[in-house]
Each structure stands twice: as structure tokens, then as C-alpha cells.
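Student: Please read through the structure below; I'll follow up with questions.
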Amino acid sequence: MAVEPDEFAQRYLSGTHLYGDDFGPEEIAAWFADEAEGYSGLAASPGGENAGYSYYALNELHALRNLPDQQFSRVLGVGSAYGHELLPFVGESSIVTILDPSEVMVNGPLDSRANVNRLRPTQSGEIMFGDGTFDLITCLGVLHHVPNVTFLLSEMYRVLLPGGTLVLREPIVSLGDWRRARAGLTLRERGIPLRLMDNLVATTGFNVRYRSLCVFSLTSRAGRLLKQVPFNSPSLVRVDRAVANAVRPLDRYHAKHWWEKIRPTSVYYVLTRPEVDHPKITVSQAKPEQEVLDT
């Protein structure tokens, strides 16, 4: 969809519409080709995931402590790359599928298990499994790398078992103007505006078990000063959550001034598919903001 520069800013950088969500097949294919190995290049850079996974404490606080009390038997990691994020979620008997486009970010800590499989995603976002296949899906920092976010989220809902759980984390700021190259980011990635993300969760049909803002913009700097990996520090992630939610009113999707960048930059959800699907609600019926559940 071609948009004039000023109209682009009004439509997308304002956070009122999600860029790429209405793309057709050819545009989606071009995006897929650009992003397939985009993250693997960043992972190989100094401090990247090749040097170690940096979000265990963040996932512990926001996800593991808020999961249903059960053992998960069939687990899908959407965009899980090496699979580090899945380690705390799966047991020895869990059947695990890692859905990731990279042919480089393989041979992770789970790959030696006989019950772990790797698949490449389809360009369209269709997940090639039947309805209700998985009782747990993780999707951590992945949706903002794909164009058709609404469709992929609906596919995760479809393949999730009724009563099953989706763990989801996404950036809610623009990550800069993605029409030009940005240091430390892939070519196509852009954040998902919080209001749109909340509405997508609601209109897809999920129940919200837990929701919190996180990844405050100054937390990484605090980690460097304290010589800690910030989101692997239990104390820092608790402070991060408290501060991120305290300054929520200062949020802006695309910052133009330095002071607008002092804000929470991500949202974390633990979502469940209802045991019985309820009628899908419209965007106008969805609550733009939901209470943060601190458990």
C-alpha cells in the first residue's frame, strides 16, 4: 500500500495503524525474505544471543510465575531461534516444535532431544498444524518482525488447545523510522502500538491472565552501571516492572524528543484460549487499556 511521506507519518508513526498488517502476498514474501536471517546477524554481534540468552529473569517474573499450574505436553515456540526461551517451560516428556525461519540459529540446548522438531514458517503466516494442537505457545519479540500480525496471532489462537496458554511479549514503540536503516535492528522490524496490541489480543478472542508493561528505557543503562545483565537480574526486572507501569502515562509510540524516549518499551502477556470460544468482539468493544495483574 503506497502512502505519501506525510500521510505515512500520520497513519503509521502516529500509532493509529500497524504498518504491514494489510500487505498482499507479494509484499509479504519480500518482507519474509528480508527478515528470515535478519536476527541471526544481530545475534552474532557482540552482546548478541550467540553469547547467551539475556531474558531468563524477565520471563521468570512475567511468564513463569503466572502460568497455570500444569505440565505442558505439546509446546510451540514461534520464532524461538536456538530455543533458549523454552527451557524453563518444558519438561523432559514435552513434545516441542520450534517454528523459525533461520537456518543459522539452530543446534540450541533442546535440539539433542528426540522429541524436539524444527520447522520453517510459511511466508503467509499459516501454521501448518490442526486446530487445538498445542497446550503452550511462546512468542517472545517475534510479531514485530512479521507484516501480517493480525493473521499470525489468529493462527496461534487456532492451533492453541482450548484452555491452552500463549506467552507473548512485544515492543510497543516504533523502534525508530523503519523506512531507513537503524543500528542494531533488522531491516523491517517495527514495534506494535500498545492500543493496537491490546485490541488485537481482545478481538482475536484471548482471555488475559496477566498483562504488564516492561523493558523501561533506562533499565539497560542501569544494568551496565551495576555490571549486570539487566533482564537476567531478578532484582532489576522487578524494579523495571514497577517503574514501567508507574510511568505509563508518558508513553508515546514514535518519540521525536529525548524526553519522550523515557518510557516503557514493551508489553508482556500471559493469555489463554477460552475453553469454549466466545463470539469475537469488535475493536470498538475492546478495552484500549487493561489493568496490570501483578501476581
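Here, A, B, ... name the chains of the C-alpha cells in the order displayed, residue numbers run from 1 inside each chain, and ligands are numbered from 1 in the same displayed order.
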Pick out each residue of region 13-161 of chain A that DSSP on the backbone tags as helix (DSSP H, G or I); I need them as a PyMOL selection string.
Tutor: chain A and resi 13+25-35+38-43+49-51+56-62+64-66+84-89+143-145+149-159
Student: So that each row is one residue of region 8-92 of chain A with an atom at most 10 Å from region 148-172 of chain A, can you give its shortest atom pair and the distance in Å to one decimal, using only C-alpha atoms, rows by chain and rising number, as CSV?
Tutor:
```
residue,atom,partner,partner_atom,distance
A:Gly15,CA,A:Ile172,CA,9.4
A:Leu18,CA,A:Val149,CA,8.6
A:Tyr19,CA,A:Asn148,CA,8.8
A:Gly20,CA,A:Asn148,CA,6.0
A:Asp21,CA,A:Asn148,CA,4.1
A:Asp22,CA,A:Asn148,CA,6.6
A:Phe23,CA,A:Asn148,CA,6.9
A:Gly24,CA,A:Asn148,CA,9.1
A:Ile28,CA,A:Asn148,CA,7.6
A:Asn59,CA,A:Val167,CA,9.3
A:His62,CA,A:Val167,CA,9.2
A:Ala63,CA,A:Val167,CA,6.6
A:Leu64,CA,A:Val167,CA,9.3
A:Asn66,CA,A:Val167,CA,9.8
A:Leu67,CA,A:Thr165,CA,7.7
A:Pro68,CA,A:Thr165,CA,8.1
A:Phe72,CA,A:Gly164,CA,9.1
A:Arg74,CA,A:Leu161,CA,9.6
A:Val75,CA,A:Leu160,CA,9.5
A:Leu76,CA,A:Leu160,CA,9.1
A:Gly77,CA,A:Val167,CA,9.7
A:Val78,CA,A:Met156,CA,8.8
```
Student: Restricting the output to N, CA and C atoms, write the selected residues as a PDB file, in the first residue's frame.
Tutor:
```pdb
ATOM      1  N   GLY A  15       0.963   5.772  15.332  1.00  0.00           N
ATOM      2  CA  GLY A  15       0.499   4.623  16.097  1.00  0.00           C
ATOM      3  C   GLY A  15      -0.962   4.295  15.901  1.00  0.00           C
ATOM      4  N   LEU A  18      -1.171  -0.147  11.957  1.00  0.00           N
ATOM      5  CA  LEU A  18       0.009  -1.011  12.008  1.00  0.00           C
ATOM      6  C   LEU A  18       0.535  -1.251  10.600  1.00  0.00           C
ATOM      7  N   TYR A  19       1.722  -0.769  10.337  1.00  0.00           N
ATOM      8  CA  TYR A  19       2.332  -0.914   9.021  1.00  0.00           C
ATOM      9  C   TYR A  19       2.557  -2.389   8.690  1.00  0.00           C
ATOM     10  N   GLY A  20       2.146  -2.795   7.504  1.00  0.00           N
ATOM     11  CA  GLY A  20       2.353  -4.157   7.030  1.00  0.00           C
ATOM     12  C   GLY A  20       1.190  -5.090   7.263  1.00  0.00           C
ATOM     13  N   ASP A  21       0.276  -4.730   8.146  1.00  0.00           N
ATOM     14  CA  ASP A  21      -0.788  -5.669   8.507  1.00  0.00           C
ATOM     15  C   ASP A  21      -1.771  -5.895   7.365  1.00  0.00           C
ATOM     16  N   ASP A  22      -1.796  -4.978   6.409  1.00  0.00           N
ATOM     17  CA  ASP A  22      -2.708  -5.120   5.268  1.00  0.00           C
ATOM     18  C   ASP A  22      -1.971  -5.468   3.980  1.00  0.00           C
ATOM     19  N   PHE A  23      -0.732  -5.942   4.090  1.00  0.00           N
ATOM     20  CA  PHE A  23       0.052  -6.276   2.897  1.00  0.00           C
ATOM     21  C   PHE A  23      -0.547  -7.469   2.150  1.00  0.00           C
ATOM     22  N   GLY A  24      -0.328  -7.472   0.829  1.00  0.00           N
ATOM     23  CA  GLY A  24      -0.710  -8.599  -0.002  1.00  0.00           C
ATOM     24  C   GLY A  24       0.408  -9.623  -0.087  1.00  0.00           C
ATOM     25  N   ILE A  28       4.291  -9.430   1.378  1.00  0.00           N
ATOM     26  CA  ILE A  28       4.624 -10.313   2.497  1.00  0.00           C
ATOM     27  C   ILE A  28       5.840 -11.164   2.159  1.00  0.00           C
ATOM     28  N   ASN A  59      11.500 -13.372  31.833  1.00  0.00           N
ATOM     29  CA  ASN A  59      10.491 -14.395  31.566  1.00  0.00           C
ATOM     30  C   ASN A  59      10.013 -15.065  32.847  1.00  0.00           C
ATOM     31  N   HIS A  62       7.511 -12.405  34.568  1.00  0.00           N
ATOM     32  CA  HIS A  62       6.270 -12.078  33.865  1.00  0.00           C
ATOM     33  C   HIS A  62       5.508 -13.296  33.363  1.00  0.00           C
ATOM     34  N   ALA A  63       6.210 -14.386  33.073  1.00  0.00           N
ATOM     35  CA  ALA A  63       5.534 -15.546  32.481  1.00  0.00           C
ATOM     36  C   ALA A  63       5.442 -16.723  33.436  1.00  0.00           C
ATOM     37  N   LEU A  64       6.581 -17.246  33.875  1.00  0.00           N
ATOM     38  CA  LEU A  64       6.580 -18.488  34.653  1.00  0.00           C
ATOM     39  C   LEU A  64       5.756 -18.370  35.922  1.00  0.00           C
ATOM     40  N   ASN A  66       3.147 -16.765  36.339  1.00  0.00           N
ATOM     41  CA  ASN A  66       1.743 -16.507  36.040  1.00  0.00           C
ATOM     42  C   ASN A  66       1.113 -17.558  35.132  1.00  0.00           C
ATOM     43  N   LEU A  67       1.809 -18.679  34.974  1.00  0.00           N
ATOM     44  CA  LEU A  67       1.271 -19.776  34.178  1.00  0.00           C
ATOM     45  C   LEU A  67       0.307 -20.623  35.000  1.00  0.00           C
ATOM     46  N   PRO A  68      -0.625 -21.298  34.350  1.00  0.00           N
ATOM     47  CA  PRO A  68      -1.437 -22.293  35.056  1.00  0.00           C
ATOM     48  C   PRO A  68      -0.535 -23.378  35.646  1.00  0.00           C
ATOM     49  N   PHE A  72       3.146 -28.969  30.577  1.00  0.00           N
ATOM     50  CA  PHE A  72       2.763 -28.769  29.185  1.00  0.00           C
ATOM     51  C   PHE A  72       3.307 -29.916  28.341  1.00  0.00           C
ATOM     52  N   ARG A  74       2.560 -30.445  24.788  1.00  0.00           N
ATOM     53  CA  ARG A  74       2.880 -30.078  23.400  1.00  0.00           C
ATOM     54  C   ARG A  74       3.122 -28.569  23.345  1.00  0.00           C
ATOM     55  N   VAL A  75       4.360 -28.194  23.045  1.00  0.00           N
ATOM     56  CA  VAL A  75       4.794 -26.795  23.132  1.00  0.00           C
ATOM     57  C   VAL A  75       5.258 -26.314  21.762  1.00  0.00           C
ATOM     58  N   LEU A  76       4.810 -25.124  21.391  1.00  0.00           N
ATOM     59  CA  LEU A  76       5.238 -24.490  20.144  1.00  0.00           C
ATOM     60  C   LEU A  76       5.981 -23.203  20.467  1.00  0.00           C
ATOM     61  N   GLY A  77       7.205 -23.084  19.988  1.00  0.00           N
ATOM     62  CA  GLY A  77       7.964 -21.848  20.119  1.00  0.00           C
ATOM     63  C   GLY A  77       7.977 -21.122  18.786  1.00  0.00           C
ATOM     64  N   VAL A  78       7.234 -20.030  18.696  1.00  0.00           N
ATOM     65  CA  VAL A  78       7.162 -19.259  17.456  1.00  0.00           C
ATOM     66  C   VAL A  78       8.327 -18.270  17.431  1.00  0.00           C
TER      67      VAL A  78
END
```
Student: Got a sec: who's within 12 Å of Ile95 (chain A), counting only C-alpha atoms, leaving out chain neighbours fewer than 4 positions off, as a VMD selection string?
Tutor: chain A and resid 71 to 77 86 89 to 91 110 to 111 113 to 118 133 to 137
Student: If you count only C-alpha atoms, which residues fall within 7 Å of region 221-237 of chain A, apart from same-chain ones fewer than 4 positions away, as a PyMOL selection string?
Tutor: chain A and resi 54-58+241
Student: When DSSP works through the backbone of this structure, what residues of region 74-219 of chain A end up as strand (DSSP E), shown as a PyMOL selection string?
Tutor: chain A and resi 74-78+95-99+116-119+134-140+160-171+207-216
Student: May I have the selected residues written with N, CA and C atoms, as a CSV table (one decimal), in the first residue's frame?
Tutor:
```
chain,number,residue,atom,x,y,z
A,74,ARG,N,2.6,-30.4,24.8
A,74,ARG,CA,2.9,-30.1,23.4
A,74,ARG,C,3.1,-28.6,23.3
A,75,VAL,N,4.4,-28.2,23.0
A,75,VAL,CA,4.8,-26.8,23.1
A,75,VAL,C,5.3,-26.3,21.8
A,76,LEU,N,4.8,-25.1,21.4
A,76,LEU,CA,5.2,-24.5,20.1
A,76,LEU,C,6.0,-23.2,20.5
A,77,GLY,N,7.2,-23.1,20.0
A,77,GLY,CA,8.0,-21.8,20.1
A,77,GLY,C,8.0,-21.1,18.8
A,78,VAL,N,7.2,-20.0,18.7
A,78,VAL,CA,7.2,-19.3,17.5
A,78,VAL,C,8.3,-18.3,17.4
A,95,ILE,N,6.7,-32.6,24.1
A,95,ILE,CA,6.9,-32.6,22.6
A,95,ILE,C,7.0,-31.1,22.2
A,96,VAL,N,8.2,-30.7,21.7
A,96,VAL,CA,8.5,-29.3,21.4
A,96,VAL,C,8.6,-29.1,19.9
A,97,THR,N,8.0,-28.1,19.3
A,97,THR,CA,8.2,-27.7,18.0
A,97,THR,C,8.7,-26.2,17.9
A,98,ILE,N,9.8,-26.0,17.3
A,98,ILE,CA,10.4,-24.7,17.1
A,98,ILE,C,10.1,-24.2,15.7
A,99,LEU,N,9.3,-23.2,15.6
A,99,LEU,CA,9.0,-22.6,14.3
A,99,LEU,C,9.8,-21.4,14.0
A,116,VAL,N,12.1,-33.0,20.0
A,116,VAL,CA,12.1,-31.6,19.6
A,116,VAL,C,12.3,-31.6,18.1
A,117,ASN,N,11.4,-30.8,17.4
A,117,ASN,CA,11.4,-30.7,16.0
A,117,ASN,C,11.5,-29.3,15.6
A,118,ARG,N,12.1,-29.0,14.4
A,118,ARG,CA,12.3,-27.7,13.9
A,118,ARG,C,11.5,-27.6,12.5
A,119,LEU,N,10.8,-26.5,12.4
A,119,LEU,CA,10.1,-26.3,11.1
A,119,LEU,C,10.3,-24.8,10.7
A,134,PHE,N,-1.6,-27.5,20.4
A,134,PHE,CA,-0.6,-27.2,21.4
A,134,PHE,C,-1.3,-26.7,22.7
A,135,ASP,N,-0.7,-27.1,23.8
A,135,ASP,CA,-1.2,-26.5,25.1
A,135,ASP,C,-0.4,-25.3,25.6
A,136,LEU,N,0.7,-25.1,25.0
A,136,LEU,CA,1.5,-23.9,25.3
A,136,LEU,C,2.2,-23.4,24.0
A,137,ILE,N,2.1,-22.1,23.8
A,137,ILE,CA,2.8,-21.4,22.7
A,137,ILE,C,3.6,-20.2,23.3
A,138,THR,N,4.8,-20.1,22.9
A,138,THR,CA,5.6,-18.9,23.3
A,138,THR,C,5.9,-18.1,22.0
A,139,CYS,N,5.8,-16.8,22.1
A,139,CYS,CA,6.1,-15.9,21.0
A,139,CYS,C,6.6,-14.6,21.6
A,140,LEU,N,7.9,-14.6,21.8
A,140,LEU,CA,8.6,-13.5,22.5
A,140,LEU,C,9.4,-12.6,21.6
A,160,LEU,N,-3.9,-23.3,19.2
A,160,LEU,CA,-3.8,-23.5,20.7
A,160,LEU,C,-5.0,-24.3,21.2
A,161,LEU,N,-4.8,-25.2,22.1
A,161,LEU,CA,-5.8,-26.0,22.7
A,161,LEU,C,-6.8,-25.1,23.5
A,162,PRO,N,-8.1,-25.3,23.4
A,162,PRO,CA,-8.9,-24.6,24.3
A,162,PRO,C,-8.5,-24.8,25.8
A,163,GLY,N,-8.3,-23.7,26.5
A,163,GLY,CA,-7.7,-23.8,27.8
A,163,GLY,C,-6.2,-23.6,27.8
A,164,GLY,N,-5.6,-23.6,26.6
A,164,GLY,CA,-4.1,-23.5,26.5
A,164,GLY,C,-3.7,-22.1,26.7
A,165,THR,N,-2.3,-22.0,26.8
A,165,THR,CA,-1.7,-20.7,27.1
A,165,THR,C,-0.8,-20.2,26.0
A,166,LEU,N,-0.8,-18.9,25.8
A,166,LEU,CA,0.1,-18.2,24.9
A,166,LEU,C,0.9,-17.2,25.7
A,167,VAL,N,2.2,-17.3,25.7
A,167,VAL,CA,3.1,-16.3,26.4
A,167,VAL,C,3.6,-15.4,25.3
A,168,LEU,N,3.3,-14.1,25.4
A,168,LEU,CA,3.6,-13.1,24.3
A,168,LEU,C,4.3,-11.9,24.9
A,169,ARG,N,5.3,-11.4,24.2
A,169,ARG,CA,6.0,-10.2,24.6
A,169,ARG,C,6.3,-9.4,23.3
A,170,GLU,N,6.0,-8.1,23.3
A,170,GLU,CA,6.3,-7.3,22.1
A,170,GLU,C,6.7,-5.9,22.4
A,171,PRO,N,7.6,-5.3,21.6
A,171,PRO,CA,7.9,-3.9,21.8
A,171,PRO,C,6.6,-3.0,21.4
A,207,ASN,N,-8.4,-14.6,26.5
A,207,ASN,CA,-8.5,-14.1,27.8
A,207,ASN,C,-7.2,-13.7,28.3
A,208,VAL,N,-7.1,-12.6,29.0
A,208,VAL,CA,-5.9,-12.0,29.6
A,208,VAL,C,-5.7,-12.5,31.0
A,209,ARG,N,-4.8,-13.4,31.2
A,209,ARG,CA,-4.5,-13.9,32.6
A,209,ARG,C,-3.5,-13.0,33.3
A,210,TYR,N,-2.6,-12.3,32.5
A,210,TYR,CA,-1.6,-11.4,33.1
A,210,TYR,C,-1.2,-10.4,32.0
A,211,ARG,N,-1.0,-9.2,32.3
A,211,ARG,CA,-0.5,-8.2,31.4
A,211,ARG,C,0.3,-7.1,32.2
A,212,SER,N,1.4,-6.8,31.7
A,212,SER,CA,2.3,-5.8,32.3
A,212,SER,C,3.2,-5.1,31.3
A,213,LEU,N,3.4,-3.9,31.5
A,213,LEU,CA,4.4,-3.1,30.8
A,213,LEU,C,5.8,-3.5,31.3
A,214,CYS,N,6.8,-3.4,30.5
A,214,CYS,CA,8.2,-3.8,31.0
A,214,CYS,C,9.2,-3.2,30.0
A,215,VAL,N,10.5,-3.5,30.3
A,215,VAL,CA,11.6,-3.1,29.5
A,215,VAL,C,11.6,-1.5,29.4
A,216,PHE,N,11.7,-0.9,30.6
A,216,PHE,CA,11.8,0.5,30.7
A,216,PHE,C,13.1,1.0,30.0
```
Student: What gap, in Å, lies between CA of Leu175 (chain A) and CA of His254 (chain A)?
Tutor: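 Atom-to-atom, CA of Leu175 (chain A) and CA of His254 (chain A) are spaced 7.5 Å apart.
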